[in-house]
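Next up, start_36.cif (mmCIF, C-alpha atoms and all ligand atoms):
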```cif
data_final
loop_
_atom_site.label_atom_id
_atom_site.label_comp_id
_atom_site.auth_asym_id
_atom_site.auth_seq_id
_atom_site.Cartn_x
_atom_site.Cartn_y
_atom_site.Cartn_z
CA MET A 1 17.69 2.65 0.95
CA SER A 2 20.65 0.42 1.75
CA GLU A 3 18.49 -1.30 4.38
CA ASN A 4 17.32 -3.28 1.35
CA PHE A 5 20.74 -4.95 1.21
CA LYS A 6 21.95 -7.18 3.97
CA VAL A 7 24.96 -9.47 4.21
CA ILE A 8 24.60 -12.71 6.15
CA ASP A 9 27.70 -14.89 6.03
CA ASN A 10 28.42 -15.49 2.41
CA TYR A 11 25.00 -14.38 1.23
CA LEU A 12 23.78 -11.01 0.02
CA MET A 13 20.08 -10.58 0.71
CA VAL A 14 18.37 -8.14 -1.63
CA ARG A 15 14.89 -6.97 -0.72
CA MET A 16 13.28 -6.20 -4.07
CA PRO A 17 11.03 -3.12 -4.34
CA GLU A 18 7.29 -3.06 -4.91
CA GLU A 19 7.74 -2.23 -8.58
CA ILE A 20 10.73 -3.62 -10.47
CA ASP A 21 11.17 -1.76 -13.74
CA HIS A 22 13.91 0.00 -15.70
CA HIS A 23 13.55 3.12 -13.55
CA LYS A 24 14.44 1.18 -10.39
CA SER A 25 16.68 -1.52 -11.81
CA SER A 26 20.03 0.24 -12.18
CA TYR A 27 19.94 1.26 -8.51
CA ILE A 28 19.49 -2.36 -7.46
CA SER A 29 22.13 -3.75 -9.82
CA GLU A 30 24.73 -1.13 -8.91
CA ASN A 31 24.26 -1.53 -5.17
CA ALA A 32 24.23 -5.31 -5.31
CA ASP A 33 27.47 -5.22 -7.28
CA LYS A 34 29.09 -2.95 -4.68
CA PHE A 35 28.34 -5.48 -1.96
CA ILE A 36 29.40 -8.41 -4.10
CA VAL A 37 32.79 -6.84 -4.78
CA ARG A 38 33.40 -5.20 -1.39
CA GLU A 39 32.38 -8.15 0.75
CA GLN A 40 33.41 -10.84 -1.73
CA ILE A 41 29.96 -12.36 -1.69
CA SER A 42 29.39 -15.56 -3.58
CA ASN A 43 25.62 -16.04 -3.23
CA VAL A 44 22.72 -13.66 -3.75
CA VAL A 45 19.19 -14.09 -2.41
CA PHE A 46 16.48 -11.97 -4.01
CA ASP A 47 13.45 -11.48 -1.78
CA PHE A 48 10.22 -10.70 -3.65
CA GLU A 49 8.00 -10.36 -0.60
CA ASP A 50 7.08 -6.71 -1.39
CA THR A 51 7.01 -7.04 -5.16
CA LYS A 52 3.74 -6.37 -6.94
CA PHE A 53 5.05 -5.59 -10.41
CA MET A 54 8.01 -6.78 -12.45
CA ASP A 55 9.00 -6.56 -16.10
CA SER A 56 12.06 -7.80 -18.00
CA SER A 57 14.22 -5.38 -16.01
CA GLY A 58 13.95 -7.82 -13.10
CA ILE A 59 15.19 -10.63 -15.32
CA GLY A 60 18.16 -8.45 -16.29
CA ILE A 61 19.01 -7.71 -12.65
CA ILE A 62 19.10 -11.40 -11.75
CA LEU A 63 20.88 -12.55 -14.90
CA GLY A 64 23.52 -9.85 -14.51
CA ARG A 65 24.26 -10.77 -10.86
CA TYR A 66 24.31 -14.45 -11.77
CA LYS A 67 26.98 -13.80 -14.41
CA LYS A 68 29.08 -11.95 -11.82
CA ILE A 69 29.08 -14.71 -9.21
CA ALA A 70 28.62 -17.93 -11.21
CA CYS A 71 32.24 -18.05 -12.34
CA PHE A 72 33.28 -18.24 -8.65
CA GLY A 73 30.78 -20.98 -7.95
CA GLY A 74 28.16 -18.64 -6.51
CA LYS A 75 24.42 -19.21 -6.69
CA VAL A 76 21.31 -17.11 -7.06
CA PHE A 77 18.20 -17.76 -4.98
CA ALA A 78 14.70 -16.29 -5.06
CA ILE A 79 12.34 -16.26 -2.08
CA HIS A 80 8.72 -15.21 -1.65
CA THR A 81 8.03 -15.46 -5.37
CA ASP A 82 4.36 -15.46 -6.37
CA ASN A 83 2.90 -17.31 -9.36
CA ARG A 84 3.42 -14.40 -11.65
CA ILE A 85 7.11 -13.98 -10.89
CA ARG A 86 7.62 -17.73 -11.29
CA HIS A 87 5.84 -17.49 -14.64
CA LEU A 88 8.21 -14.71 -15.74
CA PHE A 89 11.17 -16.86 -14.65
CA MET A 90 9.78 -19.76 -16.66
CA ILE A 91 9.25 -17.79 -19.88
CA SER A 92 12.75 -16.34 -19.71
CA GLY A 93 14.45 -19.62 -18.77
CA LEU A 94 15.65 -18.08 -15.51
CA HIS A 95 14.22 -21.01 -13.52
CA LYS A 96 17.20 -23.01 -14.80
CA ILE A 97 19.73 -20.84 -13.00
CA VAL A 98 17.76 -19.47 -10.05
CA GLU A 99 16.92 -21.67 -7.13
CA ILE A 100 13.38 -20.89 -6.04
CA MET A 101 12.93 -21.45 -2.30
CA ASP A 102 9.70 -21.27 -0.39
CA MET B 1 -18.51 -0.31 -26.68
CA LYS B 2 -15.92 1.99 -28.19
CA ASN B 3 -13.46 4.27 -26.45
CA GLU B 4 -10.17 5.90 -27.31
CA MET B 5 -7.32 7.58 -25.42
CA LYS B 6 -4.09 9.22 -26.57
CA MET B 7 -1.16 10.50 -24.61
CA GLU B 8 2.29 11.92 -25.18
CA PHE B 9 5.05 12.13 -22.60
CA ASP B 10 8.80 12.63 -22.33
CA ALA B 11 10.88 9.52 -22.97
CA ILE B 12 12.36 9.28 -19.49
CA SER B 13 12.40 6.29 -17.18
CA ALA B 14 10.34 8.08 -14.50
CA ASN B 15 7.35 7.97 -16.88
CA GLU B 16 7.37 4.20 -17.35
CA ALA B 17 5.26 3.51 -14.28
CA PHE B 18 2.82 6.30 -15.12
CA ALA B 19 2.35 4.99 -18.67
CA ARG B 20 1.52 1.40 -17.67
CA VAL B 21 -0.82 2.54 -14.90
CA ALA B 22 -2.65 4.90 -17.28
CA VAL B 23 -3.29 2.11 -19.78
CA ALA B 24 -4.40 -0.25 -17.02
CA ALA B 25 -6.82 2.41 -15.74
CA PHE B 26 -8.17 2.99 -19.24
CA VAL B 27 -9.02 -0.68 -19.66
CA SER B 28 -10.77 -0.94 -16.29
CA GLU B 29 -14.20 -0.35 -17.88
CA LEU B 30 -13.85 -3.86 -19.37
CA ASP B 31 -13.57 -5.35 -15.86
CA PRO B 32 -10.26 -7.10 -16.44
CA THR B 33 -9.03 -9.69 -13.93
CA LEU B 34 -5.97 -8.90 -11.82
CA GLU B 35 -3.98 -11.20 -14.04
CA GLU B 36 -5.10 -9.40 -17.19
CA ILE B 37 -4.14 -6.08 -15.60
CA SER B 38 -0.68 -7.43 -14.79
CA ASP B 39 -0.33 -8.74 -18.35
CA ILE B 40 -1.18 -5.34 -19.81
CA LYS B 41 1.07 -3.45 -17.39
CA THR B 42 4.03 -5.70 -18.17
CA ALA B 43 3.53 -5.44 -21.94
CA VAL B 44 3.14 -1.64 -21.88
CA SER B 45 6.13 -1.31 -19.57
CA GLU B 46 8.24 -3.31 -22.04
CA ALA B 47 7.25 -1.22 -25.05
CA VAL B 48 7.72 2.12 -23.26
CA THR B 49 11.03 1.05 -21.72
CA ASN B 50 12.28 0.04 -25.17
CA ALA B 51 11.39 3.47 -26.55
CA VAL B 52 13.34 5.12 -23.71
CA ILE B 53 16.39 2.84 -23.69
CA HIS B 54 16.74 1.85 -27.33
CA GLY B 55 14.65 4.28 -29.38
CA TYR B 56 16.26 7.35 -27.85
CA ASP B 57 19.35 5.61 -26.38
CA GLY B 58 18.49 6.94 -22.93
CA LEU B 59 18.92 10.55 -24.12
CA GLU B 60 16.40 13.18 -23.09
CA GLY B 61 14.33 15.19 -25.55
CA GLY B 62 12.36 12.39 -27.17
CA LYS B 63 8.64 11.79 -26.83
CA VAL B 64 6.63 8.60 -26.52
CA ASN B 65 3.08 8.44 -27.82
CA ILE B 66 0.51 5.92 -26.72
CA ARG B 67 -2.81 5.39 -28.40
CA CYS B 68 -5.27 2.99 -26.80
CA SER B 69 -8.66 1.97 -27.93
CA ILE B 70 -11.30 -0.41 -26.80
CA ASP B 71 -13.51 -2.07 -29.36
CA GLN B 72 -16.06 -4.39 -27.78
CA ASP B 73 -13.92 -6.54 -25.49
CA VAL B 74 -10.59 -5.99 -27.26
CA LEU B 75 -7.93 -3.60 -26.04
CA HIS B 76 -5.69 -2.15 -28.72
CA VAL B 77 -2.48 -0.38 -27.63
CA GLU B 78 0.05 1.40 -29.83
CA VAL B 79 3.35 2.64 -28.41
CA MET B 80 5.30 4.93 -30.73
CA ASP B 81 8.68 6.60 -30.67
CA LYS B 82 10.50 8.72 -33.23
CA GLY B 83 13.85 7.29 -32.28
CA LYS B 84 16.51 5.36 -34.13
CA GLY B 85 14.34 2.48 -35.33
CA ILE B 86 15.16 -1.22 -35.65
CA ASP B 87 17.27 -2.64 -38.48
CA ASP B 88 16.26 -6.27 -38.24
CA ILE B 89 12.86 -6.64 -36.55
CA GLU B 90 12.77 -10.43 -36.76
CA LYS B 91 16.10 -10.71 -35.00
CA ALA B 92 15.14 -8.07 -32.39
CA MET B 93 12.10 -10.14 -31.45
CA GLU B 94 14.05 -13.33 -30.75
CA PRO B 95 14.17 -14.31 -27.08
CA LEU B 96 17.39 -13.21 -25.34
CA PHE B 97 18.46 -10.96 -28.23
CA THR B 98 19.63 -7.61 -26.90
CA THR B 99 21.87 -4.85 -28.23
CA LYS B 100 22.48 -3.51 -24.71
CA PRO B 101 23.74 -6.39 -22.54
CA GLU B 102 26.06 -3.91 -20.74
CA LEU B 103 22.95 -2.19 -19.34
CA ASN B 104 21.68 -5.44 -17.80
CA ARG B 105 19.06 -5.91 -20.48
CA SER B 106 18.06 -9.52 -21.02
CA GLY B 107 16.34 -9.55 -24.40
CA MET B 108 13.01 -10.59 -22.90
CA GLY B 109 10.95 -7.48 -23.69
CA PHE B 110 9.39 -8.65 -26.96
CA PRO B 111 8.94 -12.25 -25.71
CA PHE B 112 7.03 -10.88 -22.69
CA MET B 113 4.83 -8.69 -24.91
CA GLU B 114 4.15 -11.75 -27.04
CA ALA B 115 3.40 -13.95 -24.02
CA PHE B 116 1.02 -11.54 -22.32
CA MET B 117 -0.89 -10.06 -25.24
CA ASP B 118 -2.90 -11.87 -27.90
CA ASP B 119 -1.32 -10.10 -30.83
CA LEU B 120 1.93 -8.21 -31.35
CA GLU B 121 3.05 -6.31 -34.41
CA VAL B 122 6.22 -4.24 -34.71
CA LEU B 123 6.64 -1.57 -37.39
CA SER B 124 9.95 0.22 -37.62
CA VAL B 125 11.95 2.34 -40.04
CA PRO B 126 15.63 2.89 -39.21
CA GLY B 127 16.20 6.57 -38.50
CA GLU B 128 12.49 7.31 -38.21
CA GLY B 129 11.13 5.36 -35.28
CA THR B 130 9.24 2.36 -34.02
CA THR B 131 5.59 1.53 -33.43
CA VAL B 132 4.54 -1.48 -31.38
CA ILE B 133 0.91 -2.54 -31.83
CA MET B 134 -0.60 -4.93 -29.29
CA LYS B 135 -4.06 -6.37 -28.87
CA LYS B 136 -5.67 -8.27 -26.06
CA LYS B 137 -9.13 -9.66 -25.61
CA ILE B 138 -10.39 -9.01 -22.10
CA GLY B 139 -12.36 -11.63 -20.20
CA CYS B 140 -15.68 -13.05 -21.21
CA ILE B 141 -18.12 -10.25 -20.74
CA PRO B 142 -21.58 -11.79 -20.50
CA TRP B 143 -23.81 -10.82 -23.37
CA ILE B 144 -26.50 -8.45 -22.12
CA GLY B 145 -27.95 -7.55 -25.46
CA ASP B 146 -27.77 -4.42 -27.52
CA GLU B 147 -28.22 -1.36 -25.33
CA GLU B 148 -28.18 1.26 -28.09
N1 LIG C 201 11.79 1.19 -29.69
C1 LIG C 201 12.93 0.64 -30.12
N2 LIG C 201 13.81 1.37 -30.86
C2 LIG C 201 14.98 0.83 -31.29
N3 LIG C 201 15.36 -0.44 -31.04
C3 LIG C 201 14.53 -1.22 -30.32
C4 LIG C 201 13.27 -0.73 -29.82
N4 LIG C 201 12.66 -1.73 -29.14
C5 LIG C 201 13.49 -2.80 -29.21
N5 LIG C 201 14.62 -2.51 -29.92
C6 LIG C 201 15.72 -3.44 -30.23
O1 LIG C 201 15.24 -4.77 -30.03
C7 LIG C 201 16.07 -5.46 -29.08
C8 LIG C 201 15.21 -6.45 -28.29
O2 LIG C 201 14.25 -5.77 -27.48
P1 LIG C 201 13.73 -6.49 -26.15
O3 LIG C 201 12.82 -5.57 -25.45
O4 LIG C 201 13.19 -7.83 -26.53
O5 LIG C 201 15.05 -6.73 -25.32
P2 LIG C 201 15.93 -5.63 -24.54
O6 LIG C 201 15.19 -4.36 -24.41
O7 LIG C 201 17.26 -5.56 -25.19
O8 LIG C 201 16.08 -6.33 -23.11
P3 LIG C 201 14.95 -6.35 -21.95
O9 LIG C 201 13.67 -5.87 -22.55
O10 LIG C 201 14.89 -7.77 -21.53
O11 LIG C 201 15.45 -5.48 -20.89
C9 LIG C 201 16.71 -4.38 -28.26
O12 LIG C 201 17.93 -4.81 -27.66
C10 LIG C 201 16.91 -3.28 -29.31
O13 LIG C 201 18.08 -3.52 -30.07
MG MG C 202 13.25 -4.29 -23.72
#
```
Show this structure as structure tokens.
Ligand SMILES: Nc1ncnc2c1ncn2[C@@H]1O[C@H](COP(=O)(O)OP(=O)(O)OP(=O)(O)O)[C@@H](O)[C@H]1O
Ligand SMILES: [Mg+2]
Amino acid sequence: MSENFKVIDNYLMVRMPEEIDHHKSSYISENADKFIVREQISNVVFDFEDTKFMDSSGIGIILGRYKKIACFGGKVFAIHTDNRIRHLFMISGLHKIVEIMD
Amino acid sequence: MKNEMKMEFDAISANEAFARVAVAAFVSELDPTLEEISDIKTAVSEAVTNAVIHGYDGLEGGKVNIRCSIDQDVLHVEVMDKGKGIDDIEKAMEPLFTTKPELNRSGMGFPFMEAFMDDLEVLSVPGEGTTVIMKKKIGCIPWIGDEE
């Protein structure tokens, strides 16, 4: 499953699963943190290309990673977000800290 | 149109997906849009996840009960646990309020339920459990007269 994590320069790319819920979220957070610490990553890019479902667990994953890297000047990006995911970002205020790229 | 469904399952994270899909399937007779299905799945996922994480503190042995009913074009969903309950419901429902920030929770569960359903009511007694009652009106079913 670690093919879902890829390091390119100073960026950790995380390919998010089809369904992002509590059941899946700790796996993603723990693995992302391993890369962030081991490879001293400052930026994280979350790729939602495959994602069909997300609940507040996805917000927690992003917020938690943001807190880890923001103090070192790191940034969080989101790519391939659909309307629904952007709506969830909006309601939770996440759009203020995540850079949405498309 | 009236219909009712009840289910009980173990309060473990593996059942979260099953629970939201079951409710979405139950409501399909109302011909919901894809967006309405997503709304319902997210709201049910939030309530069930809360029962697992907070109600039973992630410990096994607890049960979650869901009761769904359809009355005309309104879906009614109740998610119940017999876990630890909520001391201050008003505070718990505030956006970004969470008692488990160490578990990467963001305090957006209740705000999402509120955003995606038409009505949200939370009943809880500390030490006895929590019941979340949600309602949502589905689409605009064209009136085809009384078929009875
Ligand atoms: N079934 C429950 N039993 C006991 N406490 C609950 C229950 N549901 C919610 N709570 C309490 O209400 C708080 C807010 O719930 P909410 O779902 O909004 O946020 P969260 O679960 O903490 O984070 P998120 O849902 O974003 O992952 C929880 O932190 C918890 O203290
Ligand atoms: Mg929650």
| message | For a quick check of understanding, using all atoms listed in the file, which of A:Glu30, A:Asp50, A:Glu18, A:Asp55 has the smallest distance to ligand MG 202 (chain C)? | response |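 For ligand MG 202 (chain C), the nearest of the given residues is A:Asp55.
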| said: At a cut-off of 8 Å, which residues of chain B touch chain A? Count all atoms listed in the file and give the answer as a PyMOL selection string. | reply: chain B and resi 13-14+16-17+38+42+45-46+49+95-96+104-109+112
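With distances restricted to only C-alpha atoms and all ligand atoms, B:Asn50 is the closest residue to ligand LIG 201 (chain C) from B:Ser124, B:Asn50, B:Asn3, B:Ser69.
Counting only C-alpha atoms, B:Asp10 has the following residues at most 12 Å away, ignoring those fewer than 3 positions along the same chain: Met7, Ser13, Ala14, Asn15, Glu16, Phe18, Ala19, Val48, Thr49, Ala51, Val52, Tyr56, Gly58, Leu59, Glu60, Gly61, Gly62, Lys63, Val64, Asn65, Ile66, Met80, Asp81 and Lys82 of chain B.
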| said: Residues near B:Met1, anyone? I mean within 8 Å using only C-alpha atoms, not counting same-chain ones fewer than 4 positions away, as a list in words. | reply: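 Selected residues are Ile70, Asp71, Gln72 and Asp73 of chain B.
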| query | Contacts of B:Glu4 at 10 Å or less, counting all atoms listed in the file, minus same-chain residues fewer than 2 places along, as a ChimeraX atom specification? | reply | /B:2,6,26,67-71,75-77
| query | What does the distance between atom CA of B:Ile86 and atom CA of B:Glu114 come to in Å, to one decimal place? | reply |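 Computing the Euclidean distance for atom CA of B:Ile86 and atom CA of B:Glu114 yields 17.5 Å.
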| said: Which residues are close to A:Val37, i.e. within 10 Å by only C-alpha atoms, leaving aside same-chain residues fewer than 4 positions away? Reply as an MDAnalysis selection string. | reply: chainID A and resid 32:33 41:42 68:69
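Proximity ranking of B:Asp118, B:Asp57, B:Glu29, B:Glu128 relative to ligand MG 202 (chain C) places B:Asp57 first, based on all atoms listed in the file.
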| task | May I have the residues within 6 Å of stretch 3-17 of chain A as a PyMOL selection string, using only C-alpha atoms and disregarding those fewer than 6 positions away in the same chain? | result | chain A and resi 41+43-48+51
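Counting only C-alpha atoms and all ligand atoms, the residue from A:Phe89, A:His95, A:Asn83, A:Ala70 that sits nearest to ligand LIG 201 (chain C) is A:Phe89.
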Put a box with edges along x, y and z around all the listed atoms of ligand LIG 201 (chain C), pad it by 6 Å on each side, then give me its centre and sizes in Å, one decimal, as lines of an AutoDock Vina configuration file.
```
center_x = 14.9
center_y = -3.2
center_z = -26.1
size_x = 18.3
size_y = 21.2
size_z = 22.4
```
| field | Computed interatomic separation between atom CA of B:Lys84 and atom C5 of ligand LIG 201 (chain C) (Å) | value |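 Atom-to-atom, atom CA of B:Lys84 to atom C5 of ligand LIG 201 (chain C), that is 10.0 Å.
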| request: Report the distance between atom CA of B:Gly83 and atom CA of B:Gly55 in Å, rounded to one decimal place. | output: 4.3 Å
Once N, CA, C and O atoms are restored for stretch 73-98 of chain A, what would the output be as a compact mmCIF listing (two decimals), in the coordinates of the input?
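Full text of rebuild_6.txt as output:
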```txt
# COMPACT_ATOMS: atom_id res chain seq x y z
N GLY A 73 31.56 -19.92 -8.59
CA GLY A 73 30.78 -20.98 -7.95
C GLY A 73 29.61 -20.48 -7.13
O GLY A 73 29.01 -21.23 -6.36
N GLY A 74 29.27 -19.21 -7.28
CA GLY A 74 28.16 -18.64 -6.51
C GLY A 74 26.81 -19.04 -7.09
O GLY A 74 26.71 -19.51 -8.22
N LYS A 75 25.77 -18.84 -6.27
CA LYS A 75 24.42 -19.21 -6.69
C LYS A 75 23.45 -18.08 -6.46
O LYS A 75 23.66 -17.24 -5.58
N VAL A 76 22.36 -18.11 -7.22
CA VAL A 76 21.31 -17.11 -7.06
C VAL A 76 20.04 -17.80 -6.57
O VAL A 76 19.65 -18.84 -7.10
N PHE A 77 19.43 -17.21 -5.55
CA PHE A 77 18.20 -17.76 -4.98
C PHE A 77 17.08 -16.72 -5.07
O PHE A 77 17.34 -15.52 -5.08
N ALA A 78 15.85 -17.20 -5.11
CA ALA A 78 14.70 -16.29 -5.06
C ALA A 78 13.75 -16.79 -3.98
O ALA A 78 13.43 -17.98 -3.93
N ILE A 79 13.32 -15.87 -3.11
CA ILE A 79 12.34 -16.26 -2.08
C ILE A 79 11.10 -15.39 -2.17
O ILE A 79 11.14 -14.28 -2.69
N HIS A 80 10.02 -15.90 -1.65
CA HIS A 80 8.72 -15.21 -1.65
C HIS A 80 8.26 -14.85 -3.06
O HIS A 80 7.72 -13.77 -3.29
N THR A 81 8.49 -15.73 -4.01
CA THR A 81 8.03 -15.46 -5.37
C THR A 81 6.56 -15.88 -5.49
O THR A 81 6.17 -16.93 -4.99
N ASP A 82 5.75 -15.06 -6.14
CA ASP A 82 4.36 -15.46 -6.37
C ASP A 82 4.27 -16.15 -7.75
O ASP A 82 5.27 -16.28 -8.45
N ASN A 83 3.08 -16.58 -8.09
CA ASN A 83 2.90 -17.31 -9.36
C ASN A 83 3.38 -16.52 -10.56
O ASN A 83 3.94 -17.06 -11.49
N ARG A 84 3.09 -15.23 -10.50
CA ARG A 84 3.42 -14.40 -11.65
C ARG A 84 4.93 -14.31 -11.86
O ARG A 84 5.42 -14.44 -12.97
N ILE A 85 5.66 -14.09 -10.77
CA ILE A 85 7.11 -13.98 -10.89
C ILE A 85 7.69 -15.31 -11.36
O ILE A 85 8.57 -15.34 -12.21
N ARG A 86 7.15 -16.41 -10.84
CA ARG A 86 7.62 -17.73 -11.29
C ARG A 86 7.33 -17.93 -12.77
O ARG A 86 8.12 -18.53 -13.49
N HIS A 87 6.20 -17.41 -13.22
CA HIS A 87 5.84 -17.49 -14.64
C HIS A 87 6.85 -16.71 -15.49
O HIS A 87 7.31 -17.17 -16.54
N LEU A 88 7.22 -15.51 -15.02
CA LEU A 88 8.21 -14.71 -15.74
C LEU A 88 9.56 -15.42 -15.79
O LEU A 88 10.24 -15.41 -16.81
N PHE A 89 9.93 -16.08 -14.69
CA PHE A 89 11.17 -16.86 -14.65
C PHE A 89 11.12 -17.98 -15.69
O PHE A 89 12.10 -18.27 -16.37
N MET A 90 9.96 -18.63 -15.77
CA MET A 90 9.78 -19.76 -16.66
C MET A 90 9.92 -19.33 -18.11
O MET A 90 10.66 -19.94 -18.88
N ILE A 91 9.21 -18.26 -18.49
CA ILE A 91 9.25 -17.79 -19.88
C ILE A 91 10.68 -17.43 -20.28
O ILE A 91 11.11 -17.69 -21.39
N SER A 92 11.42 -16.83 -19.35
CA SER A 92 12.75 -16.34 -19.71
C SER A 92 13.83 -17.40 -19.49
O SER A 92 15.00 -17.14 -19.77
N GLY A 93 13.46 -18.56 -18.99
CA GLY A 93 14.45 -19.62 -18.77
C GLY A 93 15.25 -19.42 -17.49
O GLY A 93 16.20 -20.16 -17.21
N LEU A 94 14.89 -18.40 -16.72
CA LEU A 94 15.65 -18.08 -15.51
C LEU A 94 15.52 -19.17 -14.45
O LEU A 94 16.38 -19.31 -13.59
N HIS A 95 14.42 -19.95 -14.52
CA HIS A 95 14.22 -21.01 -13.52
C HIS A 95 15.33 -22.05 -13.59
O HIS A 95 15.51 -22.81 -12.66
N LYS A 96 16.11 -22.03 -14.70
CA LYS A 96 17.20 -23.01 -14.80
C LYS A 96 18.42 -22.58 -14.02
O LYS A 96 19.28 -23.40 -13.70
N ILE A 97 18.53 -21.30 -13.72
CA ILE A 97 19.73 -20.84 -13.00
C ILE A 97 19.42 -20.29 -11.61
O ILE A 97 20.31 -20.13 -10.80
N VAL A 98 18.13 -20.01 -11.36
CA VAL A 98 17.76 -19.47 -10.05
C VAL A 98 17.12 -20.57 -9.23
O VAL A 98 16.24 -21.28 -9.71
```
